[in-house]
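Raw final14.cif, mmCIF, C-alpha atoms and all ligand atoms:
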data_start
#
loop_
_atom_site.label_atom_id
_atom_site.label_comp_id
_atom_site.auth_asym_id
_atom_site.auth_seq_id
_atom_site.Cartn_x
_atom_site.Cartn_y
_atom_site.Cartn_z
CA MET A 1416 4.50 -21.80 25.42
CA PRO A 1417 1.22 -23.69 25.93
CA ARG A 1418 -0.86 -24.07 22.79
CA HIS A 1419 -3.82 -22.16 24.25
CA ALA A 1420 -1.55 -19.17 25.05
CA THR A 1421 -0.56 -18.87 21.37
CA ILE A 1422 -4.21 -19.02 20.32
CA GLU A 1423 -5.15 -16.35 22.87
CA THR A 1424 -2.36 -14.11 21.62
CA THR A 1425 -3.57 -14.45 18.05
CA GLN A 1426 -7.15 -13.86 19.08
CA HIS A 1427 -6.12 -10.76 20.99
CA ALA A 1428 -4.23 -9.47 17.97
CA GLN A 1429 -7.31 -10.15 15.79
CA GLN A 1430 -9.54 -8.24 18.18
CA ARG A 1431 -7.10 -5.34 18.39
CA MET A 1432 -6.75 -5.18 14.61
CA VAL A 1433 -10.52 -5.05 14.11
CA ALA A 1434 -10.83 -2.34 16.76
CA ILE A 1435 -8.05 -0.35 15.08
CA LEU A 1436 -9.68 -0.66 11.64
CA ASP A 1437 -13.05 0.36 13.08
CA ARG A 1438 -11.60 3.48 14.69
CA LEU A 1439 -9.63 4.46 11.60
CA ASP A 1440 -12.66 3.84 9.37
CA ALA A 1441 -14.69 6.19 11.56
CA GLU A 1442 -11.89 8.76 11.37
CA TYR A 1443 -11.41 8.52 7.58
CA PRO A 1444 -14.77 7.44 6.16
CA GLY A 1445 -14.36 6.72 2.47
CA GLN A 1446 -11.14 8.74 2.29
CA PHE A 1447 -8.20 7.62 0.22
CA GLU A 1448 -5.90 9.75 -1.88
CA GLY A 1449 -4.22 7.22 -4.12
CA LEU A 1450 -3.30 6.82 -7.75
CA HIS A 1451 -5.76 8.16 -10.30
CA PHE A 1452 -6.97 5.68 -12.94
CA THR A 1453 -9.96 4.80 -15.06
CA SER A 1454 -9.06 1.19 -15.96
CA PRO A 1455 -6.96 -1.72 -14.65
CA PHE A 1456 -4.43 -0.96 -17.39
CA GLN A 1457 -3.99 2.65 -16.26
CA LEU A 1458 -3.59 1.50 -12.66
CA LEU A 1459 -0.98 -1.04 -13.77
CA ILE A 1460 1.11 1.68 -15.44
CA ALA A 1461 0.57 4.17 -12.60
CA THR A 1462 1.62 1.59 -10.01
CA ILE A 1463 4.83 0.77 -11.89
CA LEU A 1464 5.54 4.52 -11.99
CA SER A 1465 4.86 4.90 -8.25
CA ALA A 1466 7.94 2.92 -7.19
CA GLN A 1467 10.16 5.29 -5.18
CA CYS A 1468 7.77 8.13 -6.07
CA THR A 1469 4.76 9.79 -4.45
CA ASP A 1470 1.25 9.14 -5.74
CA GLU A 1471 0.87 12.90 -6.09
CA ARG A 1472 3.77 13.15 -8.52
CA VAL A 1473 2.56 10.15 -10.53
CA ASN A 1474 -0.92 11.68 -10.71
CA SER A 1475 0.59 14.91 -12.02
CA ILE A 1476 1.95 13.23 -15.18
CA THR A 1477 -0.48 10.41 -15.94
CA PRO A 1478 -3.26 12.49 -17.59
CA ALA A 1479 -0.86 13.60 -20.35
CA LEU A 1480 0.81 10.18 -20.45
CA PHE A 1481 -2.45 8.29 -20.96
CA ALA A 1482 -3.61 10.84 -23.53
CA LYS A 1483 -0.43 10.17 -25.53
CA TYR A 1484 -0.40 6.39 -24.90
CA PRO A 1485 -4.02 5.29 -24.39
CA THR A 1486 -3.47 1.53 -24.89
CA PRO A 1487 -0.86 -1.21 -24.38
CA THR A 1488 -0.34 -1.10 -28.15
CA ALA A 1489 0.57 2.58 -27.99
CA PHE A 1490 3.11 2.01 -25.20
CA ALA A 1491 4.59 -1.01 -26.97
CA ALA A 1492 4.98 0.96 -30.20
CA ALA A 1493 6.82 3.83 -28.48
CA SER A 1494 10.59 4.01 -28.23
CA VAL A 1495 11.94 3.35 -24.75
CA ASP A 1496 13.94 6.59 -24.90
CA GLU A 1497 10.89 8.71 -25.65
CA LEU A 1498 8.89 6.94 -22.98
CA ALA A 1499 11.68 7.57 -20.48
CA ARG A 1500 11.54 11.30 -21.25
CA ASP A 1501 7.77 11.29 -20.79
CA ILE A 1502 7.95 9.72 -17.32
CA LYS A 1503 11.14 11.44 -16.14
CA PRO A 1504 9.50 13.32 -13.20
CA THR A 1505 8.74 9.99 -11.47
CA GLY A 1506 12.42 9.05 -11.10
CA TYR A 1507 14.22 5.84 -12.12
CA TYR A 1508 12.74 6.62 -15.52
CA ASN A 1509 15.06 4.47 -17.66
CA ALA A 1510 14.27 1.28 -15.72
CA LYS A 1511 10.58 2.16 -15.48
CA ALA A 1512 10.38 2.87 -19.22
CA ARG A 1513 12.01 -0.47 -20.03
CA ASN A 1514 9.62 -2.28 -17.68
CA ILE A 1515 6.51 -0.51 -19.00
CA HIS A 1516 7.54 -1.19 -22.58
CA ALA A 1517 8.25 -4.88 -21.90
CA CYS A 1518 5.13 -5.20 -19.75
CA CYS A 1519 2.90 -3.86 -22.52
CA ARG A 1520 4.48 -6.15 -25.10
CA GLU A 1521 3.83 -9.16 -22.88
CA LEU A 1522 0.32 -7.99 -22.11
CA LEU A 1523 -0.34 -7.99 -25.84
CA GLU A 1524 1.45 -11.27 -26.60
CA ARG A 1525 0.21 -13.37 -23.69
CA PHE A 1526 -3.01 -11.73 -22.46
CA GLY A 1527 -4.52 -10.12 -25.56
CA GLY A 1528 -3.85 -6.67 -24.14
CA VAL A 1529 -6.06 -7.30 -21.10
CA VAL A 1530 -4.69 -6.98 -17.57
CA PRO A 1531 -5.03 -10.38 -15.87
CA ALA A 1532 -6.97 -10.57 -12.61
CA THR A 1533 -4.88 -13.09 -10.71
CA ARG A 1534 -1.73 -12.53 -8.67
CA GLU A 1535 -0.06 -15.53 -10.26
CA GLU A 1536 -0.42 -14.03 -13.73
CA LEU A 1537 0.24 -10.42 -12.75
CA VAL A 1538 3.64 -11.15 -11.19
CA THR A 1539 4.84 -12.71 -14.46
CA LEU A 1540 4.71 -9.26 -16.09
CA PRO A 1541 7.91 -7.15 -16.17
CA GLY A 1542 7.94 -4.50 -13.43
CA VAL A 1543 5.14 -6.18 -11.49
CA GLY A 1544 5.98 -7.57 -8.06
CA ARG A 1545 3.69 -8.82 -5.34
CA LYS A 1546 2.96 -5.32 -4.03
CA THR A 1547 1.99 -3.99 -7.45
CA ALA A 1548 -0.15 -7.07 -8.07
CA ASN A 1549 -1.96 -6.56 -4.76
CA VAL A 1550 -2.64 -2.90 -5.56
CA ILE A 1551 -4.22 -3.91 -8.89
CA LEU A 1552 -6.21 -6.80 -7.41
CA SER A 1553 -7.64 -4.68 -4.60
CA GLN A 1554 -8.18 -1.33 -6.31
CA ALA A 1555 -8.95 -2.31 -9.91
CA PHE A 1556 -10.65 -5.67 -9.43
CA GLY A 1557 -12.17 -5.26 -5.95
CA GLN A 1558 -10.49 -8.38 -4.61
CA GLN A 1559 -9.27 -8.52 -1.02
CA ALA A 1560 -5.49 -8.11 -0.82
CA ILE A 1561 -3.10 -6.46 1.61
CA THR A 1562 -0.73 -3.97 0.02
CA VAL A 1563 2.39 -3.53 2.13
CA ASP A 1564 3.95 -0.19 1.27
CA THR A 1565 6.19 1.94 3.48
CA HIS A 1566 3.23 3.24 5.54
CA VAL A 1567 1.69 -0.18 6.13
CA ALA A 1568 5.09 -1.58 7.10
CA ARG A 1569 5.78 1.27 9.51
CA LEU A 1570 2.37 1.17 11.20
CA SER A 1571 2.36 -2.62 11.45
CA ASN A 1572 5.65 -2.42 13.37
CA ARG A 1573 4.65 0.50 15.58
CA LEU A 1574 1.36 -1.23 16.36
CA GLY A 1575 3.33 -4.28 17.44
CA PHE A 1576 1.76 -6.70 14.96
CA VAL A 1577 5.14 -7.46 13.36
CA HIS A 1578 8.81 -6.93 14.07
CA THR A 1579 10.22 -7.07 10.58
CA THR A 1580 10.61 -4.92 7.49
CA ASP A 1581 10.11 -7.86 5.10
CA PRO A 1582 6.93 -6.97 3.17
CA VAL A 1583 5.94 -10.56 2.41
CA ALA A 1584 6.31 -11.57 6.07
CA ILE A 1585 4.29 -8.51 7.10
CA GLU A 1586 1.58 -9.33 4.56
CA HIS A 1587 1.24 -12.91 5.78
CA THR A 1588 1.09 -11.90 9.45
CA LEU A 1589 -1.55 -9.25 8.73
CA MET A 1590 -3.58 -11.77 6.69
CA ALA A 1591 -3.54 -14.15 9.66
CA ILE A 1592 -4.91 -11.59 12.13
CA THR A 1593 -7.38 -9.73 9.90
CA PRO A 1594 -10.77 -10.91 8.63
CA GLU A 1595 -10.45 -11.38 4.86
CA ASP A 1596 -13.27 -8.97 4.09
CA ARG A 1597 -11.18 -6.22 5.71
CA TRP A 1598 -7.84 -6.81 3.97
CA ASN A 1599 -8.42 -3.88 1.61
CA ASP A 1600 -9.16 -1.63 4.59
CA ILE A 1601 -5.59 -2.06 5.84
CA GLY A 1602 -4.06 -0.44 2.77
CA ARG A 1603 -6.58 2.40 2.63
CA LEU A 1604 -6.61 3.17 6.35
CA PHE A 1605 -2.98 2.54 7.35
CA ILE A 1606 -1.72 4.58 4.39
CA THR A 1607 -4.07 7.47 5.18
CA HIS A 1608 -3.19 7.39 8.89
CA GLY A 1609 0.51 7.06 8.08
CA ARG A 1610 0.38 10.15 5.90
CA LYS A 1611 -1.67 12.28 8.28
CA VAL A 1612 -0.76 11.22 11.84
CA CYS A 1613 1.66 8.31 12.23
CA THR A 1614 4.23 9.90 9.98
CA ALA A 1615 7.67 8.44 9.39
CA ARG A 1616 9.68 11.25 10.92
CA LYS A 1617 7.51 11.88 13.96
CA PRO A 1618 4.30 10.09 14.99
CA HIS A 1619 1.71 12.50 16.36
CA CYS A 1620 0.49 10.20 19.12
CA ASP A 1621 -1.17 13.08 20.99
CA ARG A 1622 -3.82 13.31 18.26
CA CYS A 1623 -3.99 9.64 17.27
CA VAL A 1624 -7.38 7.94 17.52
CA ILE A 1625 -5.80 4.51 17.99
CA ALA A 1626 -3.26 5.51 20.66
CA ALA A 1627 -5.05 3.45 23.30
CA LEU A 1628 -4.54 0.37 21.11
CA CYS A 1629 -0.92 1.07 20.24
CA PRO A 1630 2.05 -0.24 22.25
CA SER A 1631 4.29 2.49 20.79
CA ALA A 1632 2.11 5.42 21.82
CA ILE A 1633 4.09 8.28 23.29
CA LEU A 1634 1.71 10.37 25.34
CA PRO A 1635 2.20 12.92 28.09
CA ALA A 1636 1.37 11.34 31.43
CA ALA A 1637 -1.15 13.11 33.66
CA GLY A 1638 0.60 15.82 35.67
CA GLU A 1639 3.78 15.63 33.63
CA HIS A 1640 5.07 18.06 31.06
CA SER A 1641 7.47 15.71 29.33
CA SER A 1642 6.45 12.93 26.98
CA VAL A 1643 6.61 9.42 28.30
CA ARG A 1644 6.22 6.06 26.67
CA SER A 1645 2.87 4.62 27.49
CA ARG A 1646 2.27 0.92 26.85
CA ARG A 1647 -1.39 0.23 26.36
CA ARG A 1648 -3.04 -2.92 25.09
S1 LIG A 1701 -0.10 6.01 18.86
FE1 LIG A 1701 1.62 7.00 17.81
S2 LIG A 1701 2.92 5.31 17.08
FE2 LIG A 1701 0.91 4.44 17.59
S3 LIG A 1701 -0.26 4.48 15.65
FE3 LIG A 1701 -0.75 6.37 16.74
S4 LIG A 1701 0.70 7.91 15.96
FE4 LIG A 1701 1.50 5.86 15.40
#

The structure given in the file should be rewritten as structure tokens.
Amino acid sequence: MPRHATIETTQHAQQRMVAILDRLDAEYPGQFEGLHFTSPFQLLIATILSAQCTDERVNSITPALFAKYPTPTAFAAASVDELARDIKPTGYYNAKARNIHACCRELLERFGGVVPATREELVTLPGVGRKTANVILSQAFGQQAITVDTHVARLSNRLGFVHTTDPVAIEHTLMAITPEDRWNDIGRLFITHGRKVCTARKPHCDRCVIAALCPSAILPAAGEHSSVRSRRR
């Protein structure tokens, strides 16, 4: 492929991404129902708990959890068994309790009990992978980072920006086609749109504000009653 063709393709993807973010931002101004937290430390614990669990369920237990364990010291002093019972509704509670306990001990030993603000440091903590680190960087520290969860992965594929389920590959592709000052928008807007319209089981393309920019849009053609695949760029 000629070099200029690759550049044009990337430029087109960049333009389409910005247009998609603009339309979604107009549709969901300031909206995001995520994890509830009042400090980077609370978000760290809530994000570990959110693995294989809905934000809603995590939010239902964290007020009591943070009242009982308000600091890394309190978590580190708890028994893993008791902690597991306290977080049981979030699933995978034995592994999560071990990770939270070990994470808090390391926070105390290596970071003075303060959540670090770099990805390189965050991913050294037990239970913290790249996705969790990006959530903390973007939501707790206001840094630009792309969080690839199940919604972001699904929309990125349906929108034709990627053809993979590998979250790191998706993150790097999205970083390459999105202005850095809009990286946080991807998480907020794709997750909201994925929950409300472009749902996993059945995308509601007929009421999707970005259908004209989506190669996977399934819309009824004029004069037809059945749904047809409509490729629009
Ligand atoms: S047009 Fe359909 S597949 Fe594309 S983003 Fe909208 S709901 Fe999802």

Where is the centre and how long are the edges: axis-aligned box on ligand LIG 1701 (chain A), 8 Å on each side, Å to one decimal, as AutoDock Vina command-line options:
--center_x 1.1 --center_y 6.2 --center_z 17.1 --size_x 19.7 --size_y 19.5 --size_z 19.5

Residue neighbourhood stretch 1575-1578 of chain A, 8 Å, all atoms listed in the file, exclusion window fewer than 5 positions, as a JSON list (two decimals) with C-alpha atoms, in the coordinates of the input:
[["chain", "number", "residue", "atom", "x", "y", "z"],
["A", 1428, "ALA", "CA", -4.23, -9.47, 17.97],
["A", 1585, "ILE", "CA", 4.29, -8.51, 7.10],
["A", 1588, "THR", "CA", 1.09, -11.90, 9.45],
["A", 1589, "LEU", "CA", -1.55, -9.25, 8.73],
["A", 1629, "CYS", "CA", -0.92, 1.07, 20.24],
["A", 1630, "PRO", "CA", 2.05, -0.24, 22.25],
["A", 1631, "SER", "CA", 4.29, 2.49, 20.79]]

Excluding stretch 1435-1449 of chain A and any residue of its chain fewer than 2 positions from it, enumerate the residues within 12 Å of it, using only C-alpha atoms, and give them as a compact mmCIF listing (two decimals) with C-alpha atoms, keeping the file's coordinate frame.
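And here is the file that came out, result.txt:
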# COMPACT_ATOMS: atom_id res chain seq x y z
CA ALA A 1428 -4.23 -9.47 17.97
CA GLN A 1429 -7.31 -10.15 15.79
CA GLN A 1430 -9.54 -8.24 18.18
CA ARG A 1431 -7.10 -5.34 18.39
CA MET A 1432 -6.75 -5.18 14.61
CA VAL A 1433 -10.52 -5.05 14.11
CA HIS A 1451 -5.76 8.16 -10.30
CA PHE A 1452 -6.97 5.68 -12.94
CA LEU A 1458 -3.59 1.50 -12.66
CA ALA A 1461 0.57 4.17 -12.60
CA THR A 1462 1.62 1.59 -10.01
CA SER A 1465 4.86 4.90 -8.25
CA THR A 1469 4.76 9.79 -4.45
CA ASP A 1470 1.25 9.14 -5.74
CA GLU A 1471 0.87 12.90 -6.09
CA ARG A 1472 3.77 13.15 -8.52
CA VAL A 1473 2.56 10.15 -10.53
CA ASN A 1474 -0.92 11.68 -10.71
CA VAL A 1550 -2.64 -2.90 -5.56
CA GLN A 1554 -8.18 -1.33 -6.31
CA LEU A 1570 2.37 1.17 11.20
CA SER A 1571 2.36 -2.62 11.45
CA LEU A 1574 1.36 -1.23 16.36
CA PHE A 1576 1.76 -6.70 14.96
CA ILE A 1592 -4.91 -11.59 12.13
CA THR A 1593 -7.38 -9.73 9.90
CA PRO A 1594 -10.77 -10.91 8.63
CA ASP A 1596 -13.27 -8.97 4.09
CA ARG A 1597 -11.18 -6.22 5.71
CA TRP A 1598 -7.84 -6.81 3.97
CA ASN A 1599 -8.42 -3.88 1.61
CA ASP A 1600 -9.16 -1.63 4.59
CA ILE A 1601 -5.59 -2.06 5.84
CA GLY A 1602 -4.06 -0.44 2.77
CA ARG A 1603 -6.58 2.40 2.63
CA LEU A 1604 -6.61 3.17 6.35
CA PHE A 1605 -2.98 2.54 7.35
CA ILE A 1606 -1.72 4.58 4.39
CA THR A 1607 -4.07 7.47 5.18
CA HIS A 1608 -3.19 7.39 8.89
CA GLY A 1609 0.51 7.06 8.08
CA ARG A 1610 0.38 10.15 5.90
CA LYS A 1611 -1.67 12.28 8.28
CA VAL A 1612 -0.76 11.22 11.84
CA CYS A 1613 1.66 8.31 12.23
CA ARG A 1622 -3.82 13.31 18.26
CA CYS A 1623 -3.99 9.64 17.27
CA VAL A 1624 -7.38 7.94 17.52
CA ILE A 1625 -5.80 4.51 17.99
CA ALA A 1626 -3.26 5.51 20.66
CA ALA A 1627 -5.05 3.45 23.30
CA LEU A 1628 -4.54 0.37 21.11
CA CYS A 1629 -0.92 1.07 20.24
CA ARG A 1648 -3.04 -2.92 25.09

Using all atoms listed in the file, what residues lie at most 12 Å away from (12.6, 10.3, -18.4) (file coordinates), given as a PDB file with C-alpha atoms, keeping the file's coordinate frame?
ATOM      1  CA  LEU A1464       5.540   4.520 -11.990  1.00  0.00           C
ATOM      2  CA  ILE A1476       1.950  13.230 -15.180  1.00  0.00           C
ATOM      3  CA  LEU A1480       0.810  10.180 -20.450  1.00  0.00           C
ATOM      4  CA  SER A1494      10.590   4.010 -28.230  1.00  0.00           C
ATOM      5  CA  VAL A1495      11.940   3.350 -24.750  1.00  0.00           C
ATOM      6  CA  ASP A1496      13.940   6.590 -24.900  1.00  0.00           C
ATOM      7  CA  GLU A1497      10.890   8.710 -25.650  1.00  0.00           C
ATOM      8  CA  LEU A1498       8.890   6.940 -22.980  1.00  0.00           C
ATOM      9  CA  ALA A1499      11.680   7.570 -20.480  1.00  0.00           C
ATOM     10  CA  ARG A1500      11.540  11.300 -21.250  1.00  0.00           C
ATOM     11  CA  ASP A1501       7.770  11.290 -20.790  1.00  0.00           C
ATOM     12  CA  ILE A1502       7.950   9.720 -17.320  1.00  0.00           C
ATOM     13  CA  LYS A1503      11.140  11.440 -16.140  1.00  0.00           C
ATOM     14  CA  PRO A1504       9.500  13.320 -13.200  1.00  0.00           C
ATOM     15  CA  THR A1505       8.740   9.990 -11.470  1.00  0.00           C
ATOM     16  CA  GLY A1506      12.420   9.050 -11.100  1.00  0.00           C
ATOM     17  CA  TYR A1507      14.220   5.840 -12.120  1.00  0.00           C
ATOM     18  CA  TYR A1508      12.740   6.620 -15.520  1.00  0.00           C
ATOM     19  CA  ASN A1509      15.060   4.470 -17.660  1.00  0.00           C
ATOM     20  CA  ALA A1510      14.270   1.280 -15.720  1.00  0.00           C
ATOM     21  CA  LYS A1511      10.580   2.160 -15.480  1.00  0.00           C
ATOM     22  CA  ALA A1512      10.380   2.870 -19.220  1.00  0.00           C
ATOM     23  CA  ARG A1513      12.010  -0.470 -20.030  1.00  0.00           C
TER      24      ARG A1513
END

As a count of residues only, please: the residues near A:Asn1549 (cut-off 10 Å, all atoms listed in the file, same-chain neighbours under 5 positions excluded).
17

Out of A:His1619, A:His1427, A:Lys1546, A:Lys1483, which residue has the shortest atom-to-atom distance to ligand LIG 1701 (chain A) when counting only C-alpha atoms and all ligand atoms?
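Nearest candidate to ligand LIG 1701 (chain A) out of A:His1619, A:His1427, A:Lys1546, A:Lys1483: A:His1619.
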
Excluding stretch 1522-1525 of chain A and residues on its chain fewer than 6 positions from it, collect all residues at most 9 Å away from it, counting all atoms listed in the file, and give them as a PyMOL selection string.
chain A and resi 1487-1488+1491+1531+1540

Any idea what the distance is between atom CA of A:Cys1518 and atom CA of A:Ser1454?
16.0 Å

Choose the residue, out of A:Thr1579, A:Ser1475, A:Asn1572, A:Thr1539, that has the smallest atom-to-atom separation from ligand LIG 1701 (chain A); count only C-alpha atoms and all ligand atoms.
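For ligand LIG 1701 (chain A), the nearest of the given residues is A:Asn1572.
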
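The smallest atom-to-atom distance between ligand LIG 1701 (chain A) and any of A:Pro1582, A:Gly1527, A:Pro1541, A:Pro1618, using all atoms listed in the file, is found for A:Pro1618.
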
For ligand LIG 1701 (chain A), the closest of A:Leu1459, A:Val1567, A:Val1583, A:Leu1450 counting all atoms listed in the file is A:Val1567
